[in-house]
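This report concerns only the one structure given below.
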Amino acid sequence: QVQLVESGGDLVQPGGSLGLSCAASGFTFSMWTMSWYRQAPGKERESVATITKTGGSTTYADSVKGRFTISRDNAKNTLYLQMNSLKPEDTAVYYCNAQGGGLDWGQGTQVTVSS
């Protein structure tokens with residue numbers, strides 16, 4: 001069955017960096033455009049970054065543009081999100097999924113940005 005396992009979340013100070021990973025299984029990862037999403041307390045889940053099947057094109061939400069970098073390794077069925085210059089407003093549970101959220105959701109990984 002489809003499984004998405006996010007990892008790498010942590011408590012980090014403002015201005016710090018963090019790298020997230022998403023291990024995918026149960027489907028042909030290389031055939032899907034993938035995205036990172038986040039959900040902060042009391043807010044709706046939002047897409048923050050998207051990468052095409054081969055990694056040739058990426059798009060970002062305005063709120064993270066220039067600070068976050070999405071990448072993928074299709075040989076390892078893994079999606080990555082490098083987050084730099086983190087802000088308190090980046091605090092959220094981060095999830096990976098297909099663009100549009102068409103796969104079963106994983107448990108997410110908590111990112112907390114606080115001093």
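Here, A, B, ... name the chains of the structure tokens in the order displayed, residue numbers run from 1 inside each chain, and ligands are numbered from 1 in the same displayed order.
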
**DSSP strand (DSSP E) residues within chain A, listed as a PyMOL selection string** = chain A and resi 3-7+11-12+18-25+34-39+46-51+58-60+68-73+78-83+92-98+109-113

**Message:** List as a PyMOL selection string the protein and nucleic acid residues near A:Arg72, meaning an atom at most 8 Å away when only C-alpha atoms are counted, but skip any in the same chain fewer than 3 places from it.
**Reply:** chain A and resi 51+55+77-80

**Request:** Would you return as a PyMOL selection string the members of chain A that DSSP assigns to helix (DSSP H, G or I) on this structure's backbone?
**Result:** chain A and resi 29-31+88-90

Would you mind exporting the chosen residues as a compact mmCIF listing (two decimals), in the first residue's frame, restricted to N, CA and C atoms?
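The resulting file, out-v1.txt, is reproduced below:
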```
# COMPACT_ATOMS: atom_id res chain seq x y z
N PHE A 29 7.07 6.18 -7.57
CA PHE A 29 7.40 7.53 -7.13
C PHE A 29 7.79 8.42 -8.30
N SER A 30 8.58 7.90 -9.21
CA SER A 30 9.11 8.71 -10.31
C SER A 30 8.03 9.18 -11.29
N MET A 31 6.83 8.64 -11.18
CA MET A 31 5.76 9.00 -12.10
C MET A 31 4.87 10.12 -11.56
N PRO A 88 9.56 31.98 12.86
CA PRO A 88 8.53 31.38 13.74
C PRO A 88 7.26 30.99 12.99
N GLU A 89 6.92 31.74 11.95
CA GLU A 89 5.72 31.42 11.19
C GLU A 89 5.86 30.18 10.32
N ASP A 90 7.05 29.60 10.26
CA ASP A 90 7.24 28.32 9.58
C ASP A 90 6.87 27.14 10.46
```

**Request:** Give me the residues within 9 Å of stretch 41-48 of chain A as a ChimeraX atom specification, counting only C-alpha atoms and dropping any in the same chain fewer than 6 places off.
**Result:** /A:35,59-65,68,91-93,99-100

Since we have the selection now, will you write its residues out, keeping all heavy atoms, as an mmCIF file, in the first residue's frame?
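Heads up, here's the output in selection-v1.cif:
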```
data_model
loop_
_atom_site.group_PDB
_atom_site.id
_atom_site.type_symbol
_atom_site.label_atom_id
_atom_site.label_comp_id
_atom_site.auth_asym_id
_atom_site.auth_seq_id
_atom_site.Cartn_x
_atom_site.Cartn_y
_atom_site.Cartn_z
ATOM 1 N N SER A 35 4.810 17.218 -3.794
ATOM 2 C CA SER A 35 4.781 18.486 -3.081
ATOM 3 C C SER A 35 5.031 18.289 -1.597
ATOM 4 O O SER A 35 4.796 17.212 -1.051
ATOM 5 C CB SER A 35 3.412 19.163 -3.249
ATOM 6 O OG SER A 35 3.137 19.491 -4.579
ATOM 7 N N THR A 59 8.364 24.790 -7.958
ATOM 8 C CA THR A 59 7.607 25.996 -7.649
ATOM 9 C C THR A 59 7.463 26.099 -6.134
ATOM 10 O O THR A 59 7.485 25.073 -5.430
ATOM 11 C CB THR A 59 6.209 25.990 -8.289
ATOM 12 O OG1 THR A 59 5.509 24.811 -7.889
ATOM 13 C CG2 THR A 59 6.292 26.030 -9.803
ATOM 14 N N TYR A 60 7.330 27.339 -5.661
ATOM 15 C CA TYR A 60 7.277 27.590 -4.227
ATOM 16 C C TYR A 60 6.185 28.590 -3.894
ATOM 17 O O TYR A 60 5.881 29.496 -4.683
ATOM 18 C CB TYR A 60 8.620 28.157 -3.746
ATOM 19 C CG TYR A 60 9.771 27.210 -3.957
ATOM 20 C CD1 TYR A 60 10.541 27.250 -5.120
ATOM 21 C CD2 TYR A 60 10.099 26.261 -2.990
ATOM 22 C CE1 TYR A 60 11.587 26.371 -5.327
ATOM 23 C CE2 TYR A 60 11.155 25.378 -3.179
ATOM 24 C CZ TYR A 60 11.885 25.437 -4.354
ATOM 25 O OH TYR A 60 12.925 24.556 -4.541
ATOM 26 N N ALA A 61 5.628 28.439 -2.698
ATOM 27 C CA ALA A 61 4.738 29.463 -2.164
ATOM 28 C C ALA A 61 5.548 30.728 -1.917
ATOM 29 O O ALA A 61 6.744 30.656 -1.590
ATOM 30 C CB ALA A 61 4.098 28.979 -0.875
ATOM 31 N N ASP A 62 4.914 31.872 -2.075
ATOM 32 C CA ASP A 62 5.620 33.134 -1.873
ATOM 33 C C ASP A 62 6.249 33.224 -0.486
ATOM 34 O O ASP A 62 7.317 33.828 -0.316
ATOM 35 C CB ASP A 62 4.660 34.304 -2.079
ATOM 36 C CG ASP A 62 4.290 34.507 -3.545
ATOM 37 O OD1 ASP A 62 5.002 33.967 -4.420
ATOM 38 O OD2 ASP A 62 3.293 35.199 -3.800
ATOM 39 N N SER A 63 5.603 32.618 0.495
ATOM 40 C CA SER A 63 6.060 32.727 1.879
ATOM 41 C C SER A 63 7.394 32.010 2.112
ATOM 42 O O SER A 63 8.071 32.295 3.110
ATOM 43 C CB SER A 63 5.007 32.163 2.827
ATOM 44 O OG SER A 63 4.709 30.817 2.502
ATOM 45 N N VAL A 64 7.770 31.085 1.245
ATOM 46 C CA VAL A 64 9.015 30.325 1.455
ATOM 47 C C VAL A 64 10.021 30.506 0.323
ATOM 48 O O VAL A 64 11.146 30.007 0.401
ATOM 49 C CB VAL A 64 8.731 28.818 1.645
ATOM 50 C CG1 VAL A 64 7.705 28.597 2.738
ATOM 51 C CG2 VAL A 64 8.281 28.173 0.340
ATOM 52 N N LYS A 65 9.633 31.222 -0.713
ATOM 53 C CA LYS A 65 10.488 31.393 -1.882
ATOM 54 C C LYS A 65 11.815 32.030 -1.481
ATOM 55 O O LYS A 65 11.850 33.009 -0.731
ATOM 56 C CB LYS A 65 9.774 32.249 -2.916
ATOM 57 C CG LYS A 65 10.312 32.146 -4.326
ATOM 58 C CD LYS A 65 9.404 32.874 -5.302
ATOM 59 C CE LYS A 65 8.042 32.226 -5.402
ATOM 60 N NZ LYS A 65 7.164 32.892 -6.407
ATOM 61 N N PHE A 68 13.419 28.016 1.012
ATOM 62 C CA PHE A 68 13.233 26.559 0.970
ATOM 63 C C PHE A 68 13.639 26.032 -0.397
ATOM 64 O O PHE A 68 13.456 26.692 -1.419
ATOM 65 C CB PHE A 68 11.769 26.189 1.215
ATOM 66 C CG PHE A 68 11.270 26.404 2.618
ATOM 67 C CD1 PHE A 68 11.995 27.129 3.553
ATOM 68 C CD2 PHE A 68 10.050 25.858 3.015
ATOM 69 C CE1 PHE A 68 11.526 27.313 4.845
ATOM 70 C CE2 PHE A 68 9.567 26.030 4.299
ATOM 71 C CZ PHE A 68 10.302 26.767 5.220
ATOM 72 N N THR A 91 6.575 27.401 11.724
ATOM 73 C CA THR A 91 6.190 26.346 12.648
ATOM 74 C C THR A 91 4.927 25.649 12.163
ATOM 75 O O THR A 91 3.901 26.301 11.924
ATOM 76 C CB THR A 91 5.963 26.922 14.053
ATOM 77 O OG1 THR A 91 7.206 27.427 14.553
ATOM 78 C CG2 THR A 91 5.421 25.865 15.000
ATOM 79 N N ALA A 92 5.000 24.337 11.997
ATOM 80 C CA ALA A 92 3.876 23.572 11.462
ATOM 81 C C ALA A 92 4.256 22.090 11.433
ATOM 82 O O ALA A 92 5.423 21.736 11.632
ATOM 83 C CB ALA A 92 3.529 24.029 10.049
ATOM 84 N N VAL A 93 3.267 21.257 11.161
ATOM 85 C CA VAL A 93 3.532 19.870 10.809
ATOM 86 C C VAL A 93 3.689 19.831 9.293
ATOM 87 O O VAL A 93 2.841 20.340 8.558
ATOM 88 C CB VAL A 93 2.405 18.930 11.257
ATOM 89 C CG1 VAL A 93 2.722 17.497 10.838
ATOM 90 C CG2 VAL A 93 2.218 19.008 12.768
ATOM 91 N N GLN A 99 1.182 16.190 -5.868
ATOM 92 C CA GLN A 99 0.579 17.487 -6.133
ATOM 93 C C GLN A 99 -0.936 17.328 -6.121
ATOM 94 O O GLN A 99 -1.483 16.440 -6.791
ATOM 95 C CB GLN A 99 1.026 18.002 -7.490
ATOM 96 C CG GLN A 99 0.537 19.394 -7.797
ATOM 97 C CD GLN A 99 0.955 19.851 -9.179
ATOM 98 O OE1 GLN A 99 1.043 19.055 -10.119
ATOM 99 N NE2 GLN A 99 1.261 21.128 -9.317
ATOM 100 N N GLY A 100 -1.623 18.122 -5.335
ATOM 101 C CA GLY A 100 -3.059 17.976 -5.183
ATOM 102 C C GLY A 100 -3.473 17.060 -4.057
ATOM 103 O O GLY A 100 -4.658 16.952 -3.741
#
```

Shell of 9 Å around A:Ser85, only C-alpha atoms, local chain residues under 3 positions omitted, as a JSON list (two decimals) with N, CA and C atoms, in the first residue's frame:
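Saved as around-v3.json:
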```json
[["chain", "number", "residue", "atom", "x", "y", "z"],
["A", 14, "PRO", "N", 15.06, 30.71, 15.34],
["A", 14, "PRO", "CA", 14.85, 31.57, 14.16],
["A", 14, "PRO", "C", 16.18, 31.84, 13.45],
["A", 15, "GLY", "N", 16.14, 31.77, 12.13],
["A", 15, "GLY", "CA", 17.34, 31.94, 11.35],
["A", 15, "GLY", "C", 18.09, 30.66, 11.08],
["A", 16, "GLY", "N", 17.68, 29.59, 11.72],
["A", 16, "GLY", "CA", 18.34, 28.31, 11.56],
["A", 16, "GLY", "C", 17.89, 27.55, 10.31],
["A", 17, "SER", "N", 18.46, 26.36, 10.15],
["A", 17, "SER", "CA", 18.18, 25.53, 8.99],
["A", 17, "SER", "C", 17.76, 24.13, 9.43],
["A", 67, "ARG", "N", 13.99, 30.70, 0.43],
["A", 67, "ARG", "CA", 14.46, 30.11, 1.70],
["A", 67, "ARG", "C", 14.40, 28.59, 1.70],
["A", 68, "PHE", "N", 13.42, 28.02, 1.01],
["A", 68, "PHE", "CA", 13.23, 26.56, 0.97],
["A", 68, "PHE", "C", 13.64, 26.03, -0.40]]
```

**Atom-to-atom span, atom CA of A:Cys22 and atom CA of A:Gly9, Å** = 11.0 Å

**Message:** Using only C-alpha atoms, can you tell me which of A:Ile70, A:Leu86, A:Leu81, A:Gly106 comes closest to A:Val12?
**Reply:**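 That would be A:Leu86, the residue with the smallest distance to A:Val12.
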
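Among A:Ala40, A:Leu103, A:Met34, A:Ala24, the residue with the shortest atom-to-atom distance to A:Thr52, counting only C-alpha atoms, is A:Met34.
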
**Request:** To one decimal in Å, tell me the separation between atom CA of A:Asp10 and atom CA of A:Trp105.
**Result:** 19.8 Å

**Item:** Counting only C-alpha atoms, the option among A:Gln110, A:Asn74, A:Gly66, A:Ala23 closest to A:Val5
**Value:** A:Ala23

**Length of the atom CA of A:Thr109 to atom CA of A:Ser57 vector [Å]** = 24.6 Å

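Non-sequential neighbours of A:Asp104 (distance at most 9 Å, separation of 3 or more positions within a chain, only C-alpha atoms) are Val2, Gln3, Leu4, Asn97 and Gly101 of chain A.
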
Only C-alpha atoms, please: the residues just picked out, written as a compact mmCIF listing (two decimals), in the first residue's frame.
```
# COMPACT_ATOMS: atom_id res chain seq x y z
CA VAL A 2 1.00 3.62 -0.42
CA GLN A 3 3.20 4.84 2.39
CA LEU A 4 4.73 8.29 2.91
CA ASN A 97 2.16 14.05 -0.95
CA GLY A 101 -2.82 15.56 -2.28
```

**From A:Gln1, A:Thr69, A:Thr33, A:Ser115, residue lying nearest A:Met83 [only C-alpha atoms]** =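 Result for the nearest residue to A:Met83: A:Thr69.
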